[in-house]
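Engineer: Sharing data.json here; it has JSON, C-alpha atoms.
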```json
[["chain", "number", "residue", "atom", "x", "y", "z"],
["A", 11, "MET", "CA", -4.81, -4.77, 19.27],
["A", 12, "ASN", "CA", -1.80, -6.89, 20.16],
["A", 13, "ILE", "CA", 0.39, -5.34, 22.86],
["A", 14, "ARG", "CA", 3.42, -7.08, 24.31],
["A", 15, "PRO", "CA", 6.39, -6.01, 26.42],
["A", 16, "SER", "CA", 9.59, -5.48, 24.45],
["A", 17, "ALA", "CA", 11.10, -8.52, 26.16],
["A", 18, "ALA", "CA", 8.61, -10.67, 24.22],
["A", 19, "ILE", "CA", 10.46, -10.03, 20.97],
["A", 20, "ARG", "CA", 13.72, -11.24, 22.52],
["A", 21, "GLN", "CA", 12.26, -14.17, 24.42],
["A", 22, "ASN", "CA", 9.52, -15.30, 22.03],
["A", 23, "TYR", "CA", 10.48, -14.06, 18.57],
["A", 24, "ASN", "CA", 8.80, -16.96, 16.76],
["A", 25, "GLU", "CA", 5.57, -16.51, 18.73],
["A", 26, "VAL", "CA", 5.44, -12.78, 17.96],
["A", 27, "ALA", "CA", 6.30, -13.38, 14.29],
["A", 28, "ASP", "CA", 3.62, -16.08, 14.01],
["A", 29, "MET", "CA", 1.07, -13.74, 15.63],
["A", 30, "CYS", "CA", 1.89, -11.02, 13.09],
["A", 31, "ARG", "CA", 1.52, -13.41, 10.17],
["A", 32, "ARG", "CA", -1.61, -15.11, 11.51],
["A", 33, "THR", "CA", -3.54, -11.95, 12.36],
["A", 34, "GLY", "CA", -2.16, -9.62, 9.67],
["A", 35, "GLU", "CA", -2.02, -7.00, 12.41],
["A", 36, "PRO", "CA", 0.96, -5.23, 13.95],
["A", 37, "VAL", "CA", 2.20, -6.05, 17.44],
["A", 38, "PHE", "CA", 2.85, -3.03, 19.65],
["A", 39, "LEU", "CA", 5.86, -3.42, 21.92],
["A", 40, "THR", "CA", 6.16, -1.53, 25.17],
["A", 41, "LYS", "CA", 9.21, -0.58, 27.16],
["A", 42, "ASN", "CA", 8.74, 0.29, 30.83],
["A", 43, "GLY", "CA", 5.01, 0.36, 30.22],
["A", 44, "GLU", "CA", 5.22, 2.94, 27.42],
["A", 45, "GLY", "CA", 4.74, 2.38, 23.69],
["A", 46, "ASP", "CA", 8.12, 1.83, 22.03],
["A", 47, "LEU", "CA", 7.97, -0.11, 18.73],
["A", 48, "VAL", "CA", 5.56, -1.63, 16.26],
["A", 49, "VAL", "CA", 6.36, -4.96, 14.61],
["A", 50, "MET", "CA", 4.56, -6.41, 11.60],
["A", 51, "ASP", "CA", 5.18, -9.06, 8.97],
["A", 52, "ILE", "CA", 6.50, -8.04, 5.56],
["A", 53, "GLU", "CA", 3.24, -8.84, 3.72],
["A", 54, "THR", "CA", 1.23, -6.55, 6.01],
["A", 55, "TYR", "CA", 3.86, -3.83, 5.76],
["A", 56, "THR", "CA", 3.94, -4.03, 1.95],
["A", 57, "ARG", "CA", 0.14, -3.94, 1.73],
["A", 58, "ARG", "CA", -0.03, -0.88, 3.99],
["A", 59, "GLU", "CA", 2.69, 0.92, 2.04],
["A", 60, "LYS", "CA", 0.87, 0.29, -1.25],
["A", 61, "MET", "CA", -2.37, 1.54, 0.28],
["A", 62, "LEU", "CA", -0.67, 4.70, 1.55],
["A", 63, "LYS", "CA", 0.90, 5.35, -1.85],
["A", 64, "LEU", "CA", -2.47, 4.90, -3.58],
["A", 65, "ARG", "CA", -4.11, 7.29, -1.11],
["A", 66, "GLU", "CA", -1.39, 9.88, -1.78],
["A", 67, "GLU", "CA", -1.92, 9.55, -5.53],
["A", 68, "LEU", "CA", -5.70, 9.83, -5.17],
["A", 69, "LEU", "CA", -5.32, 12.90, -2.96],
["A", 70, "ALA", "CA", -3.01, 14.53, -5.51],
["A", 71, "VAL", "CA", -5.51, 13.86, -8.30],
["A", 72, "GLU", "CA", -8.35, 15.23, -6.18],
["A", 73, "GLU", "CA", -6.32, 18.35, -5.37],
["A", 74, "ASP", "CA", -5.61, 18.85, -9.09],
["A", 75, "ARG", "CA", -9.31, 18.46, -9.85],
["A", 76, "ALA", "CA", -10.22, 20.99, -7.15],
["A", 77, "ARG", "CA", -7.77, 23.46, -8.74],
["A", 78, "GLY", "CA", -9.60, 23.09, -12.05],
["A", 79, "ALA", "CA", -7.42, 20.55, -13.86],
["A", 80, "LYS", "CA", -9.22, 18.97, -16.80],
["A", 81, "GLY", "CA", -10.63, 15.53, -16.10],
["A", 82, "TYR", "CA", -11.69, 12.82, -18.52],
["A", 83, "SER", "CA", -14.89, 10.80, -18.72],
["A", 84, "VAL", "CA", -14.83, 7.03, -18.92],
["A", 85, "ASP", "CA", -15.75, 7.25, -22.60],
["A", 86, "GLU", "CA", -12.89, 9.67, -23.30],
["A", 87, "VAL", "CA", -10.39, 7.40, -21.54],
["A", 88, "ALA", "CA", -11.69, 4.36, -23.42],
["A", 89, "ALA", "CA", -11.33, 6.24, -26.73],
["A", 90, "MET", "CA", -7.77, 7.30, -25.86],
["A", 91, "MET", "CA", -6.89, 3.71, -24.98],
["A", 92, "ARG", "CA", -8.35, 2.42, -28.26],
["A", 93, "ASP", "CA", -6.32, 5.01, -30.18],
["A", 94, "ILE", "CA", -3.12, 3.98, -28.42],
["A", 95, "ILE", "CA", -3.81, 0.28, -29.06],
["A", 96, "GLU", "CA", -4.46, 0.98, -32.75],
["A", 97, "GLU", "CA", -1.31, 3.11, -33.06],
["A", 98, "THR", "CA", 0.74, 0.37, -31.40],
["A", 99, "ALA", "CA", -0.70, -2.29, -33.69],
["A", 100, "ILE", "CA", 0.03, -0.16, -36.80],
["A", 101, "HIS", "CA", 3.57, 0.52, -35.55],
["A", 102, "GLU", "CA", 4.22, -3.18, -34.91],
["A", 103, "GLN", "CA", 2.93, -4.12, -38.39],
["A", 104, "ALA", "CA", 5.29, -1.57, -39.96],
["A", 105, "GLU", "CA", 8.30, -3.18, -38.31]]
```
Represent the structure from my file as structure tokens, please.

Structural biologist:
Amino acid sequence: MNIRPSAAIRQNYNEVADMCRRTGEPVFLTKNGEGDLVVMDIETYTRREKMLKLREELLAVEEDRARGAKGYSVDEVAAMMRDIIEETAIHEQAE
């Protein structure tokens, strides 16, 4: 865990930014000895946001399943995908 005083961001921006990029971890900034801000590079932030969104979607699907929503087997999904591909091919040939 990288912890720095808030003055570090003002005095050593490039060093803090390089640390974020190099480690892929956030830097925790303190103010008067207390946690104040978290700084991270854009790539790490984007990756974490995508992971959170995926977890939300998986949780929603799991909640639907727990409520009794119909699920599909791998074979059923594969068959549906084949049907869609065939329909698309037929539609494109007709044009």

Engineer: Between A:Gln21, A:Gln103, A:Cys30, A:Arg75, which is the closest to Val48 (chain A) once you count all atoms listed in the file?

Structural biologist: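 Using all atoms listed in the file, Val48 (chain A) sits closest to A:Cys30.
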
Engineer: For region 23-40 of chain A, I'd like the enclosing box, axis-aligned and padded by 6 Å on every side, reported as AutoDock Vina command-line options with centre and edge lengths in Å to one decimal.

Structural biologist:
```
--center_x 3.5 --center_y -9.2 --center_z 17.4 --size_x 26.0 --size_y 27.4 --size_z 27.5
```

Engineer: List as an MDAnalysis selection string the residues having at least one atom at most 12 Å from position (0.0, -5.9, 10.9) as given in the file, counting all atoms listed in the file.

Structural biologist: chainID A and resid 11:13 26:38 48:59

Engineer: I'd like the interatomic distance between CA of Lys41 (chain A) and CA of Ala17 (chain A), to a tenth of an Å.

Structural biologist: 8.2 Å

Engineer: Mind giving me the straight-line distance from CA of Glu86 (chain A) to CA of Glu102 (chain A) in Å, one decimal?

Structural biologist: 24.3 Å

Engineer: What residues have an atom no more than 6 Å from (5.9, -2.6, 22.0) in the file's own frame, counting all atoms listed in the file, and can you write them as a count of residues only?

Structural biologist: 10

Engineer: Please, what distance in Å, to one decimal, runs between CA of Glu67 (chain A) and CA of Met91 (chain A)?

Structural biologist: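 Pair CA of Glu67 (chain A) / CA of Met91 (chain A) returns 20.9 Å.
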